[in-house]
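Structure file start_26.cif; described as mmCIF, C-alpha atoms.
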data_protein
#
loop_
_atom_site.label_atom_id
_atom_site.label_comp_id
_atom_site.auth_asym_id
_atom_site.auth_seq_id
_atom_site.Cartn_x
_atom_site.Cartn_y
_atom_site.Cartn_z
CA MET H 1 34.64 18.60 21.78
CA LYS H 2 35.58 15.27 23.34
CA LYS H 3 32.66 15.49 25.80
CA LEU H 4 30.25 16.17 22.94
CA LEU H 5 31.43 13.05 21.10
CA ILE H 6 31.10 10.94 24.25
CA ILE H 7 27.57 12.22 24.94
CA GLY H 8 26.58 11.74 21.31
CA SER H 9 27.94 8.17 21.33
CA ILE H 10 26.00 7.36 24.50
CA ILE H 11 22.77 8.66 22.96
CA VAL H 12 23.32 6.62 19.80
CA LEU H 13 24.01 3.50 21.89
CA LEU H 14 20.84 4.04 23.93
CA PHE H 15 18.73 4.37 20.78
CA ALA H 16 20.34 1.24 19.34
CA ALA H 17 19.60 -0.65 22.57
CA VAL H 18 15.94 0.43 22.47
CA ILE H 19 15.63 -0.72 18.86
CA VAL H 20 17.25 -4.09 19.59
CA LEU H 21 15.05 -4.69 22.66
CA THR H 22 11.89 -3.71 20.76
CA ASN H 23 12.77 -6.05 17.91
CA MET H 24 13.45 -8.90 20.36
CA SER H 25 10.10 -8.30 22.07
CA ASN H 26 8.26 -8.16 18.74
CA ASN H 27 9.89 -11.37 17.52
CA LYS H 28 8.92 -13.14 20.72
CA LYS H 29 5.29 -12.03 20.36
CA LEU H 30 5.16 -12.92 16.67
CA SER H 31 6.53 -16.41 17.23
CA GLY H 32 4.15 -17.09 20.12
CA ALA H 33 0.90 -19.02 20.06
CA ASN H 34 -1.15 -15.81 20.23
CA ASN H 35 -0.38 -14.76 16.65
CA PRO H 36 -3.42 -15.60 14.51
CA TYR H 37 -2.04 -13.63 11.55
CA GLY H 38 0.46 -16.30 10.50
CA ASP H 39 3.56 -14.99 8.77
CA LYS H 40 2.01 -11.66 7.70
CA GLU H 41 4.20 -8.65 8.38
CA LEU H 42 2.29 -6.71 11.04
CA GLN H 43 2.02 -3.08 12.05
CA GLN H 44 3.44 -2.24 15.49
CA GLU H 45 -0.04 -1.46 16.87
CA THR H 46 -1.20 -4.97 15.98
CA ILE H 47 1.90 -6.56 17.50
CA ASP H 48 1.24 -4.65 20.71
CA GLN H 49 -2.27 -6.16 20.91
CA LEU H 50 -1.29 -9.79 20.33
CA ASP H 51 -1.29 -10.57 24.05
CA ASP H 52 -4.29 -8.37 24.95
CA GLU H 53 -7.06 -10.58 26.39
CA ASN H 54 -9.72 -8.50 24.62
CA TYR H 55 -8.31 -9.29 21.17
CA GLN H 56 -8.06 -13.07 21.22
CA ASN H 57 -10.83 -13.91 18.74
CA ILE H 58 -9.17 -12.61 15.58
CA MET H 59 -10.60 -13.90 12.32
CA LEU H 60 -8.85 -13.50 8.98
CA PRO H 61 -10.84 -12.12 6.02
CA ASP H 62 -10.78 -15.45 4.14
CA GLU H 63 -12.35 -17.22 7.11
CA LEU H 64 -15.10 -14.61 7.30
CA GLU H 65 -15.83 -14.99 3.59
CA LYS H 66 -16.11 -18.78 3.92
CA LYS H 67 -18.52 -18.52 6.86
CA ILE H 68 -20.70 -15.95 5.10
CA ALA H 69 -20.70 -17.97 1.86
CA ALA H 70 -21.70 -21.09 3.83
CA GLY H 71 -24.66 -19.18 5.30
CA GLU H 72 -23.38 -19.36 8.86
CA ASP H 73 -24.43 -16.77 11.40
CA VAL H 74 -21.46 -14.48 12.05
CA ASN H 75 -20.99 -11.55 14.39
CA ALA H 76 -18.15 -9.53 12.87
CA TYR H 77 -16.45 -6.77 14.82
CA PHE H 78 -14.27 -4.55 12.64
CA PHE H 79 -11.65 -2.67 14.63
CA GLY H 80 -8.35 -0.89 14.24
CA PRO H 81 -5.64 -1.38 16.83
CA ASP H 82 -4.76 2.29 16.35
CA CYS H 83 -8.38 3.41 16.91
CA ILE H 84 -8.88 5.06 20.31
CA HIS H 85 -12.63 4.38 20.18
CA CYS H 86 -11.95 0.66 19.63
CA GLN H 87 -9.45 0.63 22.47
CA ALA H 88 -12.13 2.05 24.78
CA PHE H 89 -15.07 -0.02 23.46
CA THR H 90 -13.55 -3.50 23.05
CA PRO H 91 -13.02 -3.98 26.83
CA VAL H 92 -16.75 -3.26 27.23
CA LEU H 93 -17.92 -5.37 24.27
CA MET H 94 -16.00 -8.59 24.80
CA PRO H 95 -16.92 -9.29 28.46
CA ILE H 96 -20.61 -8.67 27.70
CA ALA H 97 -20.43 -10.97 24.67
CA ASP H 98 -18.75 -13.65 26.81
CA GLU H 99 -21.37 -13.25 29.52
CA LEU H 100 -24.19 -13.66 26.96
CA GLY H 101 -22.46 -16.53 25.11
CA ILE H 102 -22.08 -14.55 21.89
CA ASP H 103 -19.17 -15.46 19.64
CA ILE H 104 -17.65 -12.39 18.02
CA ALA H 105 -15.14 -12.58 15.18
CA GLN H 106 -12.69 -9.69 15.37
CA LEU H 107 -11.37 -8.31 12.07
CA ASN H 108 -8.41 -5.96 11.98
CA VAL H 109 -8.88 -3.24 9.34
CA LEU H 110 -5.37 -1.89 9.86
CA GLU H 111 -3.87 -5.15 8.63
CA TYR H 112 -6.57 -5.79 6.03
CA PRO H 113 -7.56 -2.39 4.59
CA GLU H 114 -9.59 -4.03 1.81
CA LEU H 115 -12.26 -4.73 4.46
CA TRP H 116 -13.21 -1.04 4.47
CA ASP H 117 -14.64 -1.16 0.96
CA LYS H 118 -15.75 -4.78 0.91
CA TYR H 119 -18.08 -4.32 3.91
CA ASN H 120 -18.75 -0.58 3.55
CA ILE H 121 -17.04 0.24 6.83
CA GLU H 122 -17.30 3.98 7.46
CA ALA H 123 -15.48 4.09 10.79
CA THR H 124 -14.27 1.83 13.54
CA PRO H 125 -15.53 0.21 15.59
CA THR H 126 -18.23 -1.36 13.40
CA PHE H 127 -20.23 -4.47 14.28
CA ILE H 128 -22.08 -6.41 11.57
CA ARG H 129 -24.42 -9.37 12.08
CA PHE H 130 -24.64 -11.82 9.15
CA GLU H 131 -27.32 -14.49 8.81
CA ASP H 132 -27.80 -16.82 5.85
CA GLY H 133 -25.01 -15.06 3.97
CA LYS H 134 -26.54 -11.58 4.31
CA GLU H 135 -26.05 -8.59 6.56
CA VAL H 136 -29.05 -8.24 8.86
CA ALA H 137 -27.87 -5.68 11.43
CA ARG H 138 -25.07 -3.21 12.02
CA PHE H 139 -23.97 -0.61 14.50
CA LEU H 140 -21.25 1.95 14.10
CA GLY H 141 -19.22 3.40 16.93
CA ALA H 142 -19.04 2.64 20.61
CA LEU H 143 -22.38 1.93 22.25
CA GLU H 144 -23.21 2.44 25.89
CA GLU H 145 -23.53 -0.83 27.80
CA ALA H 146 -27.36 -0.67 27.97
CA ASP H 147 -27.60 0.03 24.23
CA LEU H 148 -25.17 -2.79 23.46
CA ARG H 149 -27.20 -5.25 25.52
CA ALA H 150 -30.40 -4.07 23.80
CA PHE H 151 -28.77 -4.56 20.38
CA PHE H 152 -27.66 -8.07 21.31
CA ASP H 153 -31.13 -8.94 22.64
CA ALA H 154 -32.88 -7.63 19.53
CA GLU H 155 -30.48 -8.73 16.80
CA VAL H 156 -28.29 -11.59 17.99
CA LEU H 157 -30.12 -13.45 20.76
CA LYS H 158 -33.62 -13.17 19.22
#
Structure encoded using structure tokens:
Amino acid sequence: MKKLLIIGSIIVLLFAAVIVLTNMSNNKKLSGANNPYGDKELQQETIDQLDDENYQNIMLPDELEKKIAAGEDVNAYFFGPDCIHCQAFTPVLMPIADELGIDIAQLNVLEYPELWDKYNIEATPTFIRFEDGKEVARFLGALEEADLRAFFDAEVLK
């Protein structure tokens, strides 16, 4: 019985240590310069992406609204940090956009679920091109590199 209590205590201590270390890591990431979400309480998947080089152009929904209302051209990429298709596609999308000089605003639908209805997002990833305050082009899902380049040539770089 004594051995069982000792083993149980060790397991509890290990779990407590994991929780404490995870919280310390999260707090460090949240207080760092790479947190564009401000003081919003974030999901763990979002916290895990804060230092990912492919997710460094985060735009908040209010910023997107202001740009659209002002008639600015905006390339909006709606993603979910928990979306496996986004995790596979974003490392393809962002380097091509950088190469072509295309600025892409990344919007996190996990943290801002109201974006689903507001922009009629059916699935992630979704890319929407806005010009003069209106949607002019959209693609849904992960495109192959050639198709992505063709979309950019036809819709963004025209």
To verify the selection step, state as a PyMOL selection string which residues the PyMOL selection byres ((chain H and resi 84-92) around 9) yields on this input.
chain H and resi 53-55+79-83+93-97+124-125+141-145
All residues 10 Å or closer to segment 98-114 of chain H, all atoms listed in the file, same chain fewer than 3 positions away omitted, as JSON, numbers by chain:
{"H": [37, 40, 41, 42, 43, 45, 46, 54, 55, 56, 57, 58, 59, 60, 61, 63, 64, 73, 74, 75, 76, 77, 78, 79, 80, 81, 82, 83, 90, 93, 94, 95, 117, 118, 119, 120, 121, 123, 124, 125, 126, 127, 128, 129, 149, 152, 153, 156, 157]}
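Restricting the calculation to all atoms listed in the file, the smallest distance between Lys134 of chain H and any of H:Met1, H:Leu13, H:Leu50, H:Ala70 is found for H:Ala70.
Nearest residue to Ala69 of chain H among H:Ala150, H:Phe15, H:Gly8, H:Gly133 is H:Gly133, counting only C-alpha atoms.
Here atom CA of Asp132 of chain H stands at a distance of 5.9 Å from atom CA of Glu72 of chain H.
Separating atom CA of Phe151 of chain H from atom CA of Phe130 of chain H is a distance of 14.0 Å.
When only C-alpha atoms are used to compute distances to Ala137 of chain H, the closest of the residues H:Glu122, H:Ala154, H:Lys2, H:Asp39 turns out to be H:Ala154.
The gap separating atom CA of Glu155 of chain H from atom CA of Arg138 of chain H is 9.1 Å, in Å to one decimal.
With distances restricted to all atoms listed in the file, H:Asn35 is the closest residue to Asp51 of chain H from H:Leu148, H:Lys3, H:Asn35, H:Ser9.
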